[in-house]
Amino acid sequence: MAVQTVQNNKVAELDIFRPSRSLGAEAWSRLIRNKAAVTGLIIITIFTFIAIFASVIAPENPLQINAGKRFLPPPFFKGSTNIKSESQFLLGTDSLGRDVLSRVIYGARISMVVGFIPTFIILMMGTFIGMIAGYVGGRLDNILMRLTDVIYAFPDLLFFIIVMVALRESFIGRLMNGLILLFAALAIVNWVGVARLIRGQVLSLKEKEFVEAARCIGATDFRIMFRHILPNSLGPLIVSAAFSIPGLIITEAILGYLGVGLRPSTNPADIFITSWGVLMLDGQSAINAQPFLLLSPAICVALVVLAFTFLGDGLRDALDPRMRGTQ
Amino acid sequence: MVTYFIRRLFWLFPVLLTVSLVTFIIMRSAPGGPWDTDSERRQVDASTTKSLNAYYGLDKPLWRQFTAYVFGDTNDVSHKFVCGMVCGNLGPSYRQRGRSVQNILFEAPPQQTFWQSRFGYSLRLGVAALAFAIIFGIPIGMMAALKQNTAWDYFGLFIATSGISVPSFVLAIFLIIIFGSWLHWIDIIVDNWIELKYWIMPATVLGFGTMAFTARLTRSAMLEVLRQDYVRTARSKGVAEQFVVLRHMLKNALIPIVTILGPALAGLVTGSFIIETMFSFPGMGRAYVQAISQRDYSMIMGTTVVYALLVAVANLSVDLVYVFIDPRIRLEE
């Protein structure tokens with residue numbers, strides 16, 4: 001009897017003195033217990049640092065052309081040809097004798113930027129349109145959803161290729177070596193998924209009691225939408241952002257690899273010099289002599305994309321524990 | 001039910017019309033044209049360009065060119081009405097003279113079957129990739145679910161996660177370098193696609209993502225079925241384990257997988273152009289990439305519409321298959 005009372009007291013104590021935590025803190029503690037998600041987070045952090053401090057980290061000048069040192073293999077690899085490698089170039093050189101390691105490091109910049117900035121635009125556009133469609137409903141909802149149908153039917157990679165080829169020489173295509181055009185093309189296609197997601201959320205949330213309560217005390221539609229409904233659909237939104245980033249990075253790499261991506265820069269003042277996709281395109285011509293020109297950007301793409309997927313899985317489990325293991 | 005599908009079918013027309021309009025606008029805003037250089041990459045002089053433009057109707061106002069392509073127009077030379085895309089006429093190719101786009105895409109070279117056409121090649125590659133995905137994906141997912149939280153499960157999950165996230169062309173790079181360049185197991189450059197062994201690499205690479213997706217879907221569906229009452233009932237009345245797994249569990253777990261097959265195949269056929277370009281595969285995707293760089297307007301339009309139609313029909317087929325497979329689902333009228 002006595003033992004049980006003590007136990008009960010302990011339980012009561014635990015319950016009472018457990019500090020109250022916000023939903024975010026709760027989710028965060030679940031996230032950092034997930035080994036895969038933490039690994040992903042660490043990899044992403046490392047690549048972000050590499051991207052920001054590329055000019056400090058890169059051992060060589062990525063634009064320095066070394067005549068007569070084309071396609072040197074890295075020191076640890078013996079290529080099919082008997083070209084002697086130089087220890088100065090840790091991953092060998094490319095078609096113009098430029099240091100591959102430095103170029104890969106600079107390539108991280110474009111991939112990270114292409115991952116983050118269009119995602120931000122997509123979230124803004126998608127949330128706004130989905131929110132209006134779901135909340136206002138009726139004919140407006142119908143028109144917006146038919147628009148998303150059309151965009152869904154358009155094969156997206158084909159759209160990117162056509163846009164990038166068609167508008168390459170136009171004004172917008174020349175801005176920042178085509179980066180702005182790429183952002184715009186990616187955003188135009190990808191907001192659709194977010195808009196549908198948010199619309200679904202709004203449709204189910206706007207019938208909930210707390211929305212009714214807010215309306216009773218005279219909250220405006222705007223306030224209900226952005227202070228009551230939006231915070232309650234943040235979870236799925238964050239998860240979809242985490243899954244959208246790797247998709248964008250892959251798209252940029254594919255476009256670069258097909259030769260319709262960003263134009264490579266030769267201006268040392270540029271922040272964005274080359275991308276992983278462009279490097280892979282370059283590496284395809286020397287697959288036997290210098291495979292690391294192709295391999296190193298490919299490994300980087302695979303690593304970053306995997307990291308984001310692990311983080312996305314972890315975030316989904318953390319933000320909505322009911323979803324754990326169902327996907 | 002029937003009216004629902006008829007409505008969905010009619011809805012295809014505005015979708016395809018919008019797709020072709022968007023393609024038309026973007027394509028025409030591109031600098032350059034189909035006659036910039038001839039087949040020997042020489043510059044074409046202005047008078048030739050002018051007569052070519054007149055012959056193909058490229059001197060007409062833009063809106064008229066669009067309606068001529070989509071609906072049809074009277075021909076200036078013969079004064080007969082030539083029906084456009086709505087009749088399945090995708091227009092004459094501007095770069096491969098004397099051949100129409102539907103001819104390039106769907107007709108094989110002389111003395112060869114349909115399977116040797118551009119579309120036939122892409123379709124076969126898509127089917128091969130889908131076969132790979134099913135043959136490996138379903139068993140991996142089943143093993144992972146039946147042996148949940150063991151090494152099997154983690155291995156399966158690892159394959160699934162990496163397969164879904166790592167893009168196919170990156171995987172292709174790894175495989176080409178390892179098996180082609182270092183181990184010399186396969187030829188990197190293939191010029192005849194008759195021998196079956198050359199199909200292994202592109203089909204594997206193309207199907208890997210779908211395989212991973214199938215494995216993941218099978219695993220979660222099996223895990224759900226695993227705890228159902230009818231499975232416990234089957235076990236308790238002494239049904240042999242392999243029958244429980246195959247008849248009671250797998251049969252029900254396959255419902256979501258069967259429904260994704262159509263869109264998966266459409267995705268594999270339409271999404272293969274980067275793999276086709278990498279392996280110099282004579283399919284539709286490579287023709288499309290070439291057409292873009294050559295500004296072959298009708299070829300770009302025609303192929304985009306064929307792609308969009310494939311994807312739309314595949315998505316429609318999901319809903320149809322659902323109704324047949326799962327009697328619990330009723331579609332609103």
# chains A, B, ... in the order shown; residues from 1 in each chain; ligands from 1

call {"tool": "interface_residues", "arguments": {"of": "chain B", "to": "chain A", "cutoff": "9 Å", "atoms": "only C-alpha atoms", "output": "MDAnalysis selection string"}}
result
chainID B and resid 14:16 18:19 23 26:31 161:162 164:167 169:171 173:174 176:177 181:182 216:217 219:221 223:224 270:271 274 277 289 292:293 300 304:305 307:309 311:312

call {"tool": "residues_around", "arguments": {"residues": "stretch 227-238 of chain B", "least_positions_apart": "6", "cutoff": "8 Å", "atoms": "only C-alpha atoms", "output": "ChimeraX atom specification"}}
result
/B:244,248-249

call {"tool": "write_last_selection", "arguments": {"atoms": "C-alpha atoms", "output": "compact mmCIF listing (two decimals), in the first residue's frame"}}
result
# COMPACT_ATOMS: atom_id res chain seq x y z
CA VAL B 244 -1.77 -16.24 -45.50
CA HIS B 248 -4.83 -12.81 -47.60
CA MET B 249 -2.18 -10.17 -47.20

call {"tool": "residues_around", "arguments": {"residues": "A:Pro62", "least_positions_apart": "5", "cutoff": "7 Å", "atoms": "only C-alpha atoms", "output": "PDB file with C-alpha atoms, in the first residue's frame"}}
result
ATOM      1  CA  ARG A  98      40.770  24.225 -63.950  1.00  0.00           C
ATOM      2  CA  ASP A  99      40.781  22.709 -60.451  1.00  0.00           C
ATOM      3  CA  SER A 102      37.392  24.329 -56.265  1.00  0.00           C
ATOM      4  CA  ARG A 103      34.735  24.265 -58.937  1.00  0.00           C
TER       5      ARG A 103
END

call {"tool": "closest_residue", "arguments": {"among": "B:Trp35, B:Tyr94, B:Phe208, B:Trp199", "to": "B:Ser122", "atoms": "only C-alpha atoms"}}
result
B:Trp199

call {"tool": "residues_around", "arguments": {"residues": "B:Ser100", "least_positions_apart": "4", "cutoff": "7 Å", "atoms": "only C-alpha atoms", "output": "list in words"}}
result
Leu90, Gly91, Pro92, Ser93 and Ile104 of chain B

call {"tool": "write_last_selection", "arguments": {"atoms": "C-alpha atoms", "output": "mmCIF file, in the first residue's frame"}}
result
data_model
loop_
_atom_site.group_PDB
_atom_site.id
_atom_site.type_symbol
_atom_site.label_atom_id
_atom_site.label_comp_id
_atom_site.auth_asym_id
_atom_site.auth_seq_id
_atom_site.Cartn_x
_atom_site.Cartn_y
_atom_site.Cartn_z
ATOM 1 C CA LEU B 90 0.746 16.971 -85.805
ATOM 2 C CA GLY B 91 2.097 18.876 -88.780
ATOM 3 C CA PRO B 92 5.087 18.521 -91.069
ATOM 4 C CA SER B 93 8.501 18.477 -89.410
ATOM 5 C CA ILE B 104 8.534 10.517 -86.978
#

call {"tool": "residues_around", "arguments": {"residues": "A:Ala318", "least_positions_apart": "5", "cutoff": "10 Å", "atoms": "only C-alpha atoms", "output": "list in words"}}
result
Gly24, Glu26, Ala27, Trp28, Ser29, Arg30, Leu31, Ile32, Arg33, Asn34, Ala37, Gly235, Val239, Gly312, Asp313, Met323 and Arg324 of chain A

call {"tool": "write_last_selection", "arguments": {"atoms": "N, CA and C atoms", "output": "PDB file, in the first residue's frame"}}
result
ATOM      1  N   GLY A  24       6.493  23.784 -30.902  1.00  0.00           N
ATOM      2  CA  GLY A  24       7.745  23.804 -31.658  1.00  0.00           C
ATOM      3  C   GLY A  24       8.846  23.091 -30.904  1.00  0.00           C
ATOM      4  N   GLU A  26       8.498  20.889 -28.593  1.00  0.00           N
ATOM      5  CA  GLU A  26       8.120  19.472 -28.552  1.00  0.00           C
ATOM      6  C   GLU A  26       8.578  18.760 -29.826  1.00  0.00           C
ATOM      7  N   ALA A  27       8.275  19.381 -30.968  1.00  0.00           N
ATOM      8  CA  ALA A  27       8.644  18.798 -32.261  1.00  0.00           C
ATOM      9  C   ALA A  27      10.160  18.740 -32.405  1.00  0.00           C
ATOM     10  N   TRP A  28      10.838  19.780 -31.961  1.00  0.00           N
ATOM     11  CA  TRP A  28      12.292  19.834 -32.068  1.00  0.00           C
ATOM     12  C   TRP A  28      12.929  18.695 -31.282  1.00  0.00           C
ATOM     13  N   SER A  29      12.414  18.440 -30.069  1.00  0.00           N
ATOM     14  CA  SER A  29      13.013  17.382 -29.259  1.00  0.00           C
ATOM     15  C   SER A  29      12.768  16.021 -29.912  1.00  0.00           C
ATOM     16  N   ARG A  30      11.618  15.878 -30.608  1.00  0.00           N
ATOM     17  CA  ARG A  30      11.387  14.621 -31.323  1.00  0.00           C
ATOM     18  C   ARG A  30      12.320  14.507 -32.516  1.00  0.00           C
ATOM     19  N   LEU A  31      12.586  15.660 -33.161  1.00  0.00           N
ATOM     20  CA  LEU A  31      13.428  15.656 -34.359  1.00  0.00           C
ATOM     21  C   LEU A  31      14.854  15.266 -34.029  1.00  0.00           C
ATOM     22  N   ILE A  32      15.415  15.847 -32.936  1.00  0.00           N
ATOM     23  CA  ILE A  32      16.832  15.581 -32.671  1.00  0.00           C
ATOM     24  C   ILE A  32      17.043  14.196 -32.076  1.00  0.00           C
ATOM     25  N   ARG A  33      15.962  13.491 -31.752  1.00  0.00           N
ATOM     26  CA  ARG A  33      16.130  12.097 -31.341  1.00  0.00           C
ATOM     27  C   ARG A  33      16.209  11.177 -32.556  1.00  0.00           C
ATOM     28  N   ASN A  34      15.878  11.704 -33.743  1.00  0.00           N
ATOM     29  CA  ASN A  34      15.874  10.906 -34.972  1.00  0.00           C
ATOM     30  C   ASN A  34      17.250  10.993 -35.631  1.00  0.00           C
ATOM     31  N   ALA A  37      17.492  12.040 -39.382  1.00  0.00           N
ATOM     32  CA  ALA A  37      17.187  13.454 -39.597  1.00  0.00           C
ATOM     33  C   ALA A  37      18.347  14.330 -39.146  1.00  0.00           C
ATOM     34  N   GLY A 235       2.591  22.696 -40.107  1.00  0.00           N
ATOM     35  CA  GLY A 235       3.292  21.414 -40.112  1.00  0.00           C
ATOM     36  C   GLY A 235       3.442  20.844 -41.512  1.00  0.00           C
ATOM     37  N   VAL A 239       6.926  20.430 -43.966  1.00  0.00           N
ATOM     38  CA  VAL A 239       7.329  19.149 -44.548  1.00  0.00           C
ATOM     39  C   VAL A 239       7.402  19.250 -46.070  1.00  0.00           C
ATOM     40  N   GLY A 312      13.357  15.686 -44.230  1.00  0.00           N
ATOM     41  CA  GLY A 312      11.917  15.793 -44.488  1.00  0.00           C
ATOM     42  C   GLY A 312      11.139  14.686 -43.786  1.00  0.00           C
ATOM     43  N   ASP A 313      11.669  13.448 -43.869  1.00  0.00           N
ATOM     44  CA  ASP A 313      11.021  12.327 -43.173  1.00  0.00           C
ATOM     45  C   ASP A 313      10.972  12.593 -41.677  1.00  0.00           C
ATOM     46  N   MET A 323       1.634  10.345 -38.025  1.00  0.00           N
ATOM     47  CA  MET A 323       2.024   9.916 -39.363  1.00  0.00           C
ATOM     48  C   MET A 323       3.196   8.937 -39.331  1.00  0.00           C
ATOM     49  N   ARG A 324       3.795   8.755 -38.140  1.00  0.00           N
ATOM     50  CA  ARG A 324       5.028   7.984 -38.033  1.00  0.00           C
ATOM     51  C   ARG A 324       4.911   6.624 -38.711  1.00  0.00           C
TER      52      ARG A 324
END

call {"tool": "select_by_dssp", "arguments": {"residues": "stretch 35-77 of chain B", "states": "alpha helix (DSSP H)", "output": "list in words"}}
result
Ala46, Ser47, Thr48, Thr49, Lys50, Ser51, Leu52, Asn53, Ala54, Tyr55, Leu62, Trp63, Arg64, Gln65, Phe66, Thr67, Ala68, Tyr69 and Val70 of chain B

call {"tool": "write_last_selection", "arguments": {"atoms": "C-alpha atoms", "output": "mmCIF file, in the first residue's frame"}}
result
data_model
loop_
_atom_site.group_PDB
_atom_site.id
_atom_site.type_symbol
_atom_site.label_atom_id
_atom_site.label_comp_id
_atom_site.auth_asym_id
_atom_site.auth_seq_id
_atom_site.Cartn_x
_atom_site.Cartn_y
_atom_site.Cartn_z
ATOM 1 C CA ALA B 46 17.100 35.316 -96.869
ATOM 2 C CA SER B 47 15.181 34.445 -100.036
ATOM 3 C CA THR B 48 15.194 30.722 -99.199
ATOM 4 C CA THR B 49 13.996 31.521 -95.681
ATOM 5 C CA LYS B 50 11.203 33.625 -97.149
ATOM 6 C CA SER B 51 9.964 30.956 -99.508
ATOM 7 C CA LEU B 52 10.208 28.300 -96.787
ATOM 8 C CA ASN B 53 8.206 30.507 -94.434
ATOM 9 C CA ALA B 54 5.573 30.949 -97.125
ATOM 10 C CA TYR B 55 5.470 27.246 -97.885
ATOM 11 C CA LEU B 62 0.733 34.189 -85.167
ATOM 12 C CA TRP B 63 -2.848 33.513 -84.019
ATOM 13 C CA ARG B 64 -3.632 32.040 -87.434
ATOM 14 C CA GLN B 65 -0.581 29.794 -87.256
ATOM 15 C CA PHE B 66 -1.786 28.530 -83.911
ATOM 16 C CA THR B 67 -5.343 27.817 -85.051
ATOM 17 C CA ALA B 68 -3.978 26.272 -88.226
ATOM 18 C CA TYR B 69 -1.875 23.919 -86.158
ATOM 19 C CA VAL B 70 -4.576 23.004 -83.671
#

call {"tool": "decode", "arguments": {"residues": "stretch 265-297 of chain A", "atoms": "N, CA and C atoms", "output": "PDB file, in the first residue's frame"}}
result
ATOM      1  N   SER A 265      30.169  31.036 -65.808  1.00  0.00           N
ATOM      2  CA  SER A 265      30.708  32.386 -65.745  1.00  0.00           C
ATOM      3  C   SER A 265      32.219  32.369 -65.881  1.00  0.00           C
ATOM      4  N   THR A 266      32.741  33.415 -66.480  1.00  0.00           N
ATOM      5  CA  THR A 266      34.196  33.558 -66.531  1.00  0.00           C
ATOM      6  C   THR A 266      34.622  34.830 -65.822  1.00  0.00           C
ATOM      7  N   ASN A 267      33.648  35.480 -65.223  1.00  0.00           N
ATOM      8  CA  ASN A 267      33.924  36.745 -64.553  1.00  0.00           C
ATOM      9  C   ASN A 267      34.254  36.484 -63.080  1.00  0.00           C
ATOM     10  N   PRO A 268      35.474  36.791 -62.646  1.00  0.00           N
ATOM     11  CA  PRO A 268      35.857  36.470 -61.272  1.00  0.00           C
ATOM     12  C   PRO A 268      35.034  37.229 -60.233  1.00  0.00           C
ATOM     13  N   ALA A 269      34.357  38.310 -60.634  1.00  0.00           N
ATOM     14  CA  ALA A 269      33.577  39.070 -59.666  1.00  0.00           C
ATOM     15  C   ALA A 269      32.240  38.402 -59.361  1.00  0.00           C
ATOM     16  N   ASP A 270      31.846  37.424 -60.181  1.00  0.00           N
ATOM     17  CA  ASP A 270      30.563  36.764 -59.953  1.00  0.00           C
ATOM     18  C   ASP A 270      30.570  35.933 -58.677  1.00  0.00           C
ATOM     19  N   ILE A 271      29.410  35.900 -58.020  1.00  0.00           N
ATOM     20  CA  ILE A 271      29.288  35.048 -56.834  1.00  0.00           C
ATOM     21  C   ILE A 271      29.051  33.609 -57.273  1.00  0.00           C
ATOM     22  N   PHE A 272      28.194  33.474 -58.304  1.00  0.00           N
ATOM     23  CA  PHE A 272      27.833  32.130 -58.768  1.00  0.00           C
ATOM     24  C   PHE A 272      28.629  31.830 -60.029  1.00  0.00           C
ATOM     25  N   ILE A 273      29.546  30.869 -59.932  1.00  0.00           N
ATOM     26  CA  ILE A 273      30.454  30.632 -61.036  1.00  0.00           C
ATOM     27  C   ILE A 273      30.032  29.449 -61.884  1.00  0.00           C
ATOM     28  N   THR A 274      29.741  28.341 -61.224  1.00  0.00           N
ATOM     29  CA  THR A 274      29.322  27.171 -61.997  1.00  0.00           C
ATOM     30  C   THR A 274      28.384  26.349 -61.140  1.00  0.00           C
ATOM     31  N   SER A 275      27.693  25.401 -61.762  1.00  0.00           N
ATOM     32  CA  SER A 275      26.799  24.558 -60.978  1.00  0.00           C
ATOM     33  C   SER A 275      27.189  23.103 -61.176  1.00  0.00           C
ATOM     34  N   TRP A 276      26.689  22.249 -60.301  1.00  0.00           N
ATOM     35  CA  TRP A 276      27.050  20.829 -60.367  1.00  0.00           C
ATOM     36  C   TRP A 276      26.592  20.202 -61.681  1.00  0.00           C
ATOM     37  N   GLY A 277      25.435  20.626 -62.167  1.00  0.00           N
ATOM     38  CA  GLY A 277      24.935  20.078 -63.429  1.00  0.00           C
ATOM     39  C   GLY A 277      25.876  20.401 -64.582  1.00  0.00           C
ATOM     40  N   VAL A 278      26.345  21.656 -64.625  1.00  0.00           N
ATOM     41  CA  VAL A 278      27.261  22.073 -65.684  1.00  0.00           C
ATOM     42  C   VAL A 278      28.569  21.286 -65.592  1.00  0.00           C
ATOM     43  N   LEU A 279      29.037  21.052 -64.363  1.00  0.00           N
ATOM     44  CA  LEU A 279      30.272  20.277 -64.173  1.00  0.00           C
ATOM     45  C   LEU A 279      30.111  18.862 -64.715  1.00  0.00           C
ATOM     46  N   MET A 280      28.927  18.264 -64.469  1.00  0.00           N
ATOM     47  CA  MET A 280      28.695  16.899 -64.953  1.00  0.00           C
ATOM     48  C   MET A 280      28.698  16.854 -66.465  1.00  0.00           C
ATOM     49  N   LEU A 281      28.102  17.879 -67.085  1.00  0.00           N
ATOM     50  CA  LEU A 281      28.092  17.952 -68.545  1.00  0.00           C
ATOM     51  C   LEU A 281      29.519  17.987 -69.070  1.00  0.00           C
ATOM     52  N   ASP A 282      30.361  18.772 -68.382  1.00  0.00           N
ATOM     53  CA  ASP A 282      31.759  18.889 -68.760  1.00  0.00           C
ATOM     54  C   ASP A 282      32.465  17.543 -68.589  1.00  0.00           C
ATOM     55  N   GLY A 283      32.102  16.823 -67.510  1.00  0.00           N
ATOM     56  CA  GLY A 283      32.802  15.588 -67.186  1.00  0.00           C
ATOM     57  C   GLY A 283      32.475  14.436 -68.093  1.00  0.00           C
ATOM     58  N   GLN A 284      31.371  14.560 -68.835  1.00  0.00           N
ATOM     59  CA  GLN A 284      30.946  13.449 -69.653  1.00  0.00           C
ATOM     60  C   GLN A 284      31.928  13.131 -70.774  1.00  0.00           C
ATOM     61  N   SER A 285      32.702  14.128 -71.181  1.00  0.00           N
ATOM     62  CA  SER A 285      33.587  13.922 -72.323  1.00  0.00           C
ATOM     63  C   SER A 285      34.866  13.182 -71.943  1.00  0.00           C
ATOM     64  N   ALA A 286      35.159  13.062 -70.660  1.00  0.00           N
ATOM     65  CA  ALA A 286      36.406  12.404 -70.283  1.00  0.00           C
ATOM     66  C   ALA A 286      36.138  11.349 -69.228  1.00  0.00           C
ATOM     67  N   ILE A 287      35.202  10.461 -69.535  1.00  0.00           N
ATOM     68  CA  ILE A 287      34.724   9.525 -68.526  1.00  0.00           C
ATOM     69  C   ILE A 287      35.805   8.521 -68.128  1.00  0.00           C
ATOM     70  N   ASN A 288      36.719   8.193 -69.032  1.00  0.00           N
ATOM     71  CA  ASN A 288      37.767   7.230 -68.702  1.00  0.00           C
ATOM     72  C   ASN A 288      38.989   7.893 -68.076  1.00  0.00           C
ATOM     73  N   ALA A 289      39.417   8.993 -68.650  1.00  0.00           N
ATOM     74  CA  ALA A 289      40.648   9.621 -68.180  1.00  0.00           C
ATOM     75  C   ALA A 289      40.439  10.329 -66.842  1.00  0.00           C
ATOM     76  N   GLN A 290      39.303  11.036 -66.701  1.00  0.00           N
ATOM     77  CA  GLN A 290      39.107  11.854 -65.510  1.00  0.00           C
ATOM     78  C   GLN A 290      37.682  11.670 -65.007  1.00  0.00           C
ATOM     79  N   PRO A 291      37.352  10.480 -64.475  1.00  0.00           N
ATOM     80  CA  PRO A 291      35.960  10.247 -64.054  1.00  0.00           C
ATOM     81  C   PRO A 291      35.536  11.127 -62.886  1.00  0.00           C
ATOM     82  N   PHE A 292      36.479  11.728 -62.171  1.00  0.00           N
ATOM     83  CA  PHE A 292      36.083  12.480 -60.979  1.00  0.00           C
ATOM     84  C   PHE A 292      35.462  13.827 -61.301  1.00  0.00           C
ATOM     85  N   LEU A 293      35.646  14.272 -62.535  1.00  0.00           N
ATOM     86  CA  LEU A 293      34.951  15.475 -62.971  1.00  0.00           C
ATOM     87  C   LEU A 293      33.450  15.210 -63.018  1.00  0.00           C
ATOM     88  N   LEU A 294      33.085  13.967 -63.330  1.00  0.00           N
ATOM     89  CA  LEU A 294      31.681  13.569 -63.379  1.00  0.00           C
ATOM     90  C   LEU A 294      31.214  13.075 -62.010  1.00  0.00           C
ATOM     91  N   LEU A 295      32.092  12.303 -61.344  1.00  0.00           N
ATOM     92  CA  LEU A 295      31.693  11.654 -60.093  1.00  0.00           C
ATOM     93  C   LEU A 295      31.507  12.633 -58.941  1.00  0.00           C
ATOM     94  N   SER A 296      32.434  13.586 -58.773  1.00  0.00           N
ATOM     95  CA  SER A 296      32.352  14.400 -57.558  1.00  0.00           C
ATOM     96  C   SER A 296      31.089  15.267 -57.508  1.00  0.00           C
ATOM     97  N   PRO A 297      30.687  15.957 -58.603  1.00  0.00           N
ATOM     98  CA  PRO A 297      29.403  16.656 -58.493  1.00  0.00           C
ATOM     99  C   PRO A 297      28.223  15.703 -58.329  1.00  0.00           C
TER     100      PRO A 297
END
